[in-house]
Amino acid sequence: MTDSIAQVIDGKAEAERSGSELESAAARPSLAEAEAAVKTLLRWAGDDPAREGLLDTPARVARAWEEFFSGYRTDPRALLERTFTETEGYDEMVLLRQVRFESHCEHHLAPIIGCAHIAYLPSHRVVGISKLARVVDAYARRLQIQEKMTVQIANTINDVLEPNGVAVVIEAAHQCMTTRGVHKPGVSMVTSCMLGQFRSNATTRREFLALVGTPQGGTQVYG
Ligand SMILES: [Zn+2]
């Protein structure tokens, strides 16, 4: 178990960087330019963008990218701003398991399919659980590396909810590993970020990891 949770990531700068990513997305090219770029890639693949089956492909790809990368137009911190303070003093762990996500690796634009497990220890605020899932999507629907996404999710929850601790474990399969390169299907990568009491208190961390269950796979691979 602890072998597969091989990495505890520390990072403060990542959450702050999301603001500049949103700004750079504002300087985006036109739809026509995006479609022209897809045509170029079709030619690069060795096909003819003018043949019937590919005529609408650039437009479809552009629409698909709107969906794949909609996270650039979502402010993850704003998703958590509506909180509930009437918690009757609830201060036990809140855990969301198996939050499925689809992302894309920033090195190959290949899909990353996986799930996130998120927990926090409320201090004075709790948030609707669907909002935590939306934070996952806001970061997943960008070009990513799994390590960075793990830290971004944890830091955002930590900064906005100011809880006593945050734990995020992500396990995912990277298609840049399964369909190209080393061609190793069935490998999942596991990353984790522990903040506050999840980092300082081994009992709290163990409780979280036991509730999450043993991640499938477990080989730590970077691709
Ligand atoms: Zn990749």
# chains A, B, ... in the order shown; residues from 1 in each chain; ligands from 1

$ residues_around --residues "Pro185 in chain A" --least-positions-apart "3" --cutoff "9 Å" --atoms "only C-alpha atoms" --output "list in words"
Ala173, His174, Gln175, Met177, Thr178, Thr179 and Ser188 of chain A

$ residues_around --residues "Asn164 in chain A" --least-positions-apart "3" --cutoff "7 Å" --atoms "only C-alpha atoms" --output "list in words"
Leu121, Pro122, Ser123, Gly196 and Gln197 of chain A

$ write_last_selection --atoms "C-alpha atoms" --output "PDB file, in the first residue's frame"
ATOM      1  CA  LEU A 121     -11.215  17.863   7.812  1.00  0.00           C
ATOM      2  CA  PRO A 122     -13.587  20.835   8.162  1.00  0.00           C
ATOM      3  CA  SER A 123     -12.686  23.583  10.562  1.00  0.00           C
ATOM      4  CA  GLY A 196      -2.415  19.764   7.393  1.00  0.00           C
ATOM      5  CA  GLN A 197      -3.385  16.933   9.727  1.00  0.00           C
TER       6      GLN A 197
END

$ residues_near_ligand --ligand "ligand 1" --cutoff "8 Å" --atoms "only C-alpha atoms and all ligand atoms" --output "PyMOL selection string"
chain A and resi 104-110+145+174-177+223

$ closest_atom_pairs --of "range 106-218 of chain A" --to "range 79-96 of chain A" --cutoff "10 Å" --atoms "only C-alpha atoms" --output "JSON lines"
{"residue": "A:Ala116", "atom": "CA", "partner": "A:Leu96", "partner_atom": "CA", "distance": 8.3}
{"residue": "A:His117", "atom": "CA", "partner": "A:Leu96", "partner_atom": "CA", "distance": 5.7}
{"residue": "A:Ile118", "atom": "CA", "partner": "A:Leu96", "partner_atom": "CA", "distance": 5.2}
{"residue": "A:Ala119", "atom": "CA", "partner": "A:Leu95", "partner_atom": "CA", "distance": 4.2}
{"residue": "A:Tyr120", "atom": "CA", "partner": "A:Val94", "partner_atom": "CA", "distance": 5.5}
{"residue": "A:Leu121", "atom": "CA", "partner": "A:Met93", "partner_atom": "CA", "distance": 4.8}
{"residue": "A:Pro122", "atom": "CA", "partner": "A:Asp91", "partner_atom": "CA", "distance": 5.2}
{"residue": "A:Ser123", "atom": "CA", "partner": "A:Asp91", "partner_atom": "CA", "distance": 6.2}
{"residue": "A:His124", "atom": "CA", "partner": "A:Thr85", "partner_atom": "CA", "distance": 6.1}
{"residue": "A:Arg125", "atom": "CA", "partner": "A:Thr85", "partner_atom": "CA", "distance": 5.0}
{"residue": "A:Val126", "atom": "CA", "partner": "A:Phe84", "partner_atom": "CA", "distance": 5.3}
{"residue": "A:Val127", "atom": "CA", "partner": "A:Thr83", "partner_atom": "CA", "distance": 4.7}
{"residue": "A:Gly128", "atom": "CA", "partner": "A:Thr83", "partner_atom": "CA", "distance": 7.3}
{"residue": "A:Ile129", "atom": "CA", "partner": "A:Leu96", "partner_atom": "CA", "distance": 7.4}
{"residue": "A:Ser130", "atom": "CA", "partner": "A:Leu96", "partner_atom": "CA", "distance": 9.3}
{"residue": "A:Lys131", "atom": "CA", "partner": "A:Leu79", "partner_atom": "CA", "distance": 6.1}
{"residue": "A:Leu132", "atom": "CA", "partner": "A:Leu80", "partner_atom": "CA", "distance": 7.6}
{"residue": "A:Ala133", "atom": "CA", "partner": "A:Leu96", "partner_atom": "CA", "distance": 8.2}
{"residue": "A:Arg134", "atom": "CA", "partner": "A:Leu79", "partner_atom": "CA", "distance": 7.3}
{"residue": "A:Val135", "atom": "CA", "partner": "A:Leu79", "partner_atom": "CA", "distance": 6.8}
{"residue": "A:Ala138", "atom": "CA", "partner": "A:Leu79", "partner_atom": "CA", "distance": 9.2}
{"residue": "A:Thr156", "atom": "CA", "partner": "A:Leu80", "partner_atom": "CA", "distance": 8.6}
{"residue": "A:Ile157", "atom": "CA", "partner": "A:Leu80", "partner_atom": "CA", "distance": 7.5}
{"residue": "A:Asp159", "atom": "CA", "partner": "A:Leu80", "partner_atom": "CA", "distance": 9.9}
{"residue": "A:Val160", "atom": "CA", "partner": "A:Leu80", "partner_atom": "CA", "distance": 6.6}
{"residue": "A:Leu161", "atom": "CA", "partner": "A:Leu80", "partner_atom": "CA", "distance": 7.4}
{"residue": "A:Pro163", "atom": "CA", "partner": "A:Asp91", "partner_atom": "CA", "distance": 9.2}
{"residue": "A:Asn164", "atom": "CA", "partner": "A:Asp91", "partner_atom": "CA", "distance": 8.7}
{"residue": "A:Gly165", "atom": "CA", "partner": "A:Met93", "partner_atom": "CA", "distance": 9.0}
{"residue": "A:Val166", "atom": "CA", "partner": "A:Met93", "partner_atom": "CA", "distance": 9.3}
{"residue": "A:Ala167", "atom": "CA", "partner": "A:Leu95", "partner_atom": "CA", "distance": 9.0}
{"residue": "A:Val168", "atom": "CA", "partner": "A:Leu96", "partner_atom": "CA", "distance": 9.7}
{"residue": "A:Thr204", "atom": "CA", "partner": "A:Met93", "partner_atom": "CA", "distance": 8.9}
{"residue": "A:Glu207", "atom": "CA", "partner": "A:Met93", "partner_atom": "CA", "distance": 9.3}
{"residue": "A:Phe208", "atom": "CA", "partner": "A:Leu95", "partner_atom": "CA", "distance": 8.0}
{"residue": "A:Leu211", "atom": "CA", "partner": "A:Leu95", "partner_atom": "CA", "distance": 8.4}
{"residue": "A:Val212", "atom": "CA", "partner": "A:Leu95", "partner_atom": "CA", "distance": 8.5}

$ write_last_selection --atoms "C-alpha atoms" --output "mmCIF file, in the first residue's frame"
data_model
loop_
_atom_site.group_PDB
_atom_site.id
_atom_site.type_symbol
_atom_site.label_atom_id
_atom_site.label_comp_id
_atom_site.auth_asym_id
_atom_site.auth_seq_id
_atom_site.Cartn_x
_atom_site.Cartn_y
_atom_site.Cartn_z
ATOM 1 C CA ALA A 116 -9.613 11.017 -7.541
ATOM 2 C CA HIS A 117 -10.248 10.431 -3.854
ATOM 3 C CA ILE A 118 -10.586 13.625 -1.874
ATOM 4 C CA ALA A 119 -10.894 14.208 1.840
ATOM 5 C CA TYR A 120 -10.822 17.192 4.114
ATOM 6 C CA LEU A 121 -11.215 17.863 7.812
ATOM 7 C CA PRO A 122 -13.587 20.835 8.162
ATOM 8 C CA SER A 123 -12.686 23.583 10.562
ATOM 9 C CA HIS A 124 -15.454 26.138 10.077
ATOM 10 C CA ARG A 125 -16.737 25.591 6.541
ATOM 11 C CA VAL A 126 -18.116 22.704 4.537
ATOM 12 C CA VAL A 127 -18.991 22.696 0.878
ATOM 13 C CA GLY A 128 -21.537 20.828 -1.254
ATOM 14 C CA ILE A 129 -19.843 17.570 -2.291
ATOM 15 C CA SER A 130 -20.660 18.063 -5.974
ATOM 16 C CA LYS A 131 -18.458 21.159 -5.809
ATOM 17 C CA LEU A 132 -15.425 19.023 -4.949
ATOM 18 C CA ALA A 133 -16.115 16.899 -8.023
ATOM 19 C CA ARG A 134 -16.365 20.055 -10.106
ATOM 20 C CA VAL A 135 -12.981 21.216 -8.825
ATOM 21 C CA ALA A 138 -11.908 22.163 -13.599
ATOM 22 C CA THR A 156 -7.420 24.918 -3.909
ATOM 23 C CA ILE A 157 -9.479 23.114 -1.262
ATOM 24 C CA ASP A 159 -6.854 27.741 0.444
ATOM 25 C CA VAL A 160 -10.606 28.300 0.076
ATOM 26 C CA LEU A 161 -12.093 26.084 2.800
ATOM 27 C CA PRO A 163 -9.795 23.102 6.717
ATOM 28 C CA ASN A 164 -7.669 21.282 9.272
ATOM 29 C CA GLY A 165 -6.326 19.045 6.523
ATOM 30 C CA VAL A 166 -6.739 17.954 2.912
ATOM 31 C CA ALA A 167 -5.856 14.633 1.295
ATOM 32 C CA VAL A 168 -5.985 13.891 -2.407
ATOM 33 C CA THR A 204 -5.488 10.443 10.286
ATOM 34 C CA GLU A 207 -7.688 6.291 8.312
ATOM 35 C CA PHE A 208 -8.033 8.106 4.987
ATOM 36 C CA LEU A 211 -11.266 4.312 3.628
ATOM 37 C CA VAL A 212 -9.993 4.880 0.098
#

$ closest_residue --among "A:Val169, A:Val99, A:Leu55, A:Val182" --to "Gly213 in chain A" --atoms "only C-alpha atoms"
A:Val169

$ closest_residue --among "A:Ile170, A:Cys193, A:Ala78, A:Ala154" --to "Arg97 in chain A" --atoms "only C-alpha atoms"
A:Ile170

$ residues_around --residues "Thr57 in chain A" --least-positions-apart "5" --cutoff "10 Å" --atoms "only C-alpha atoms" --output "PyMOL selection string"
chain A and resi 35+38-39+42+49+52+62-63

$ select_by_dssp --residues "range 179-217 of chain A" --states "strand (DSSP E)" --output "list in words"
Met189, Val190, Thr191, Ser192, Cys193, Met194, Leu195 and Gly196 of chain A

$ write_last_selection --atoms "C-alpha atoms" --output "CSV table (one decimal), in the first residue's frame"
chain,number,residue,atom,x,y,z
A,189,MET,CA,-0.1,5.8,-11.7
A,190,VAL,CA,-0.8,6.8,-8.1
A,191,THR,CA,-0.1,10.3,-6.7
A,192,SER,CA,-1.0,11.8,-3.5
A,193,CYS,CA,-0.9,15.2,-1.7
A,194,MET,CA,-1.4,15.4,2.0
A,195,LEU,CA,-1.8,18.7,3.8
A,196,GLY,CA,-2.4,19.8,7.4

$ select_by_dssp --residues "range 36-120 of chain A" --states "helix (DSSP H, G or I)" --output "PDB file with C-alpha atoms, in the first residue's frame"
ATOM      1  CA  ALA A  36      -6.615  25.002 -40.036  1.00  0.00           C
ATOM      2  CA  ALA A  37      -4.197  23.578 -37.478  1.00  0.00           C
ATOM      3  CA  VAL A  38      -6.180  20.324 -37.359  1.00  0.00           C
ATOM      4  CA  LYS A  39      -6.029  20.123 -41.166  1.00  0.00           C
ATOM      5  CA  THR A  40      -2.252  20.483 -40.965  1.00  0.00           C
ATOM      6  CA  LEU A  41      -2.066  17.597 -38.485  1.00  0.00           C
ATOM      7  CA  LEU A  42      -4.269  15.451 -40.730  1.00  0.00           C
ATOM      8  CA  ARG A  43      -1.817  16.049 -43.559  1.00  0.00           C
ATOM      9  CA  TRP A  44       1.066  15.343 -41.169  1.00  0.00           C
ATOM     10  CA  ALA A  45      -0.578  11.994 -40.349  1.00  0.00           C
ATOM     11  CA  GLU A  52     -15.186  13.300 -47.809  1.00  0.00           C
ATOM     12  CA  GLY A  53     -14.747  11.484 -44.492  1.00  0.00           C
ATOM     13  CA  LEU A  54     -12.458  14.170 -43.132  1.00  0.00           C
ATOM     14  CA  THR A  57     -13.241  16.607 -38.870  1.00  0.00           C
ATOM     15  CA  PRO A  58     -11.479  19.912 -38.118  1.00  0.00           C
ATOM     16  CA  ALA A  59     -14.775  21.435 -36.918  1.00  0.00           C
ATOM     17  CA  ARG A  60     -15.544  18.335 -34.829  1.00  0.00           C
ATOM     18  CA  VAL A  61     -12.088  18.324 -33.282  1.00  0.00           C
ATOM     19  CA  ALA A  62     -12.391  22.010 -32.409  1.00  0.00           C
ATOM     20  CA  ARG A  63     -15.732  21.315 -30.688  1.00  0.00           C
ATOM     21  CA  ALA A  64     -14.267  18.317 -28.866  1.00  0.00           C
ATOM     22  CA  TRP A  65     -11.396  20.477 -27.647  1.00  0.00           C
ATOM     23  CA  GLU A  66     -13.887  23.017 -26.280  1.00  0.00           C
ATOM     24  CA  GLU A  67     -15.155  20.204 -24.068  1.00  0.00           C
ATOM     25  CA  PHE A  68     -11.823  18.534 -23.281  1.00  0.00           C
ATOM     26  CA  SER A  70     -13.248  23.673 -20.743  1.00  0.00           C
ATOM     27  CA  GLY A  71     -11.348  23.798 -17.458  1.00  0.00           C
ATOM     28  CA  TYR A  72      -9.383  26.815 -18.654  1.00  0.00           C
ATOM     29  CA  ARG A  73     -12.615  28.799 -18.531  1.00  0.00           C
ATOM     30  CA  PRO A  76     -11.857  26.319  -9.435  1.00  0.00           C
ATOM     31  CA  ARG A  77     -11.655  28.591  -6.416  1.00  0.00           C
ATOM     32  CA  ALA A  78     -14.971  30.238  -7.267  1.00  0.00           C
ATOM     33  CA  LEU A  79     -16.611  26.786  -7.247  1.00  0.00           C
TER      34      LEU A  79
END

$ residues_around --residues "Cys115 in chain A" --least-positions-apart "3" --cutoff "7 Å" --atoms "only C-alpha atoms" --output "mmCIF file with N, CA and C atoms, in the first residue's frame"
data_model
loop_
_atom_site.group_PDB
_atom_site.id
_atom_site.type_symbol
_atom_site.label_atom_id
_atom_site.label_comp_id
_atom_site.auth_asym_id
_atom_site.auth_seq_id
_atom_site.Cartn_x
_atom_site.Cartn_y
_atom_site.Cartn_z
ATOM 1 N N GLN A 98 -13.640 7.871 -5.536
ATOM 2 C CA GLN A 98 -13.900 7.446 -6.922
ATOM 3 C C GLN A 98 -14.528 8.545 -7.767
ATOM 4 N N VAL A 99 -13.939 9.721 -7.736
ATOM 5 C CA VAL A 99 -14.410 10.792 -8.618
ATOM 6 C C VAL A 99 -13.729 10.596 -9.968
ATOM 7 N N ARG A 100 -14.467 10.050 -10.916
ATOM 8 C CA ARG A 100 -13.870 9.757 -12.217
ATOM 9 C C ARG A 100 -13.578 11.053 -12.969
ATOM 10 N N PHE A 101 -12.475 11.061 -13.673
ATOM 11 C CA PHE A 101 -12.171 12.240 -14.497
ATOM 12 C C PHE A 101 -11.511 11.803 -15.791
ATOM 13 N N ILE A 170 -4.842 10.373 -6.399
ATOM 14 C CA ILE A 170 -5.321 10.187 -7.770
ATOM 15 C C ILE A 170 -4.675 8.933 -8.345
ATOM 16 N N GLU A 171 -5.488 8.077 -8.930
ATOM 17 C CA GLU A 171 -4.945 6.939 -9.672
ATOM 18 C C GLU A 171 -5.472 7.029 -11.090
ATOM 19 N N ALA A 172 -4.576 6.879 -12.051
ATOM 20 C CA ALA A 172 -4.986 7.104 -13.434
ATOM 21 C C ALA A 172 -4.129 6.300 -14.389
#

$ atom_distance --atom1 "CA of Asp137 in chain A" --atom2 "CA of Val151 in chain A"
14.0 Å

$ atom_distance --atom1 "CA of His183 in chain A" --atom2 "CA of Pro111 in chain A"
14.2 Å
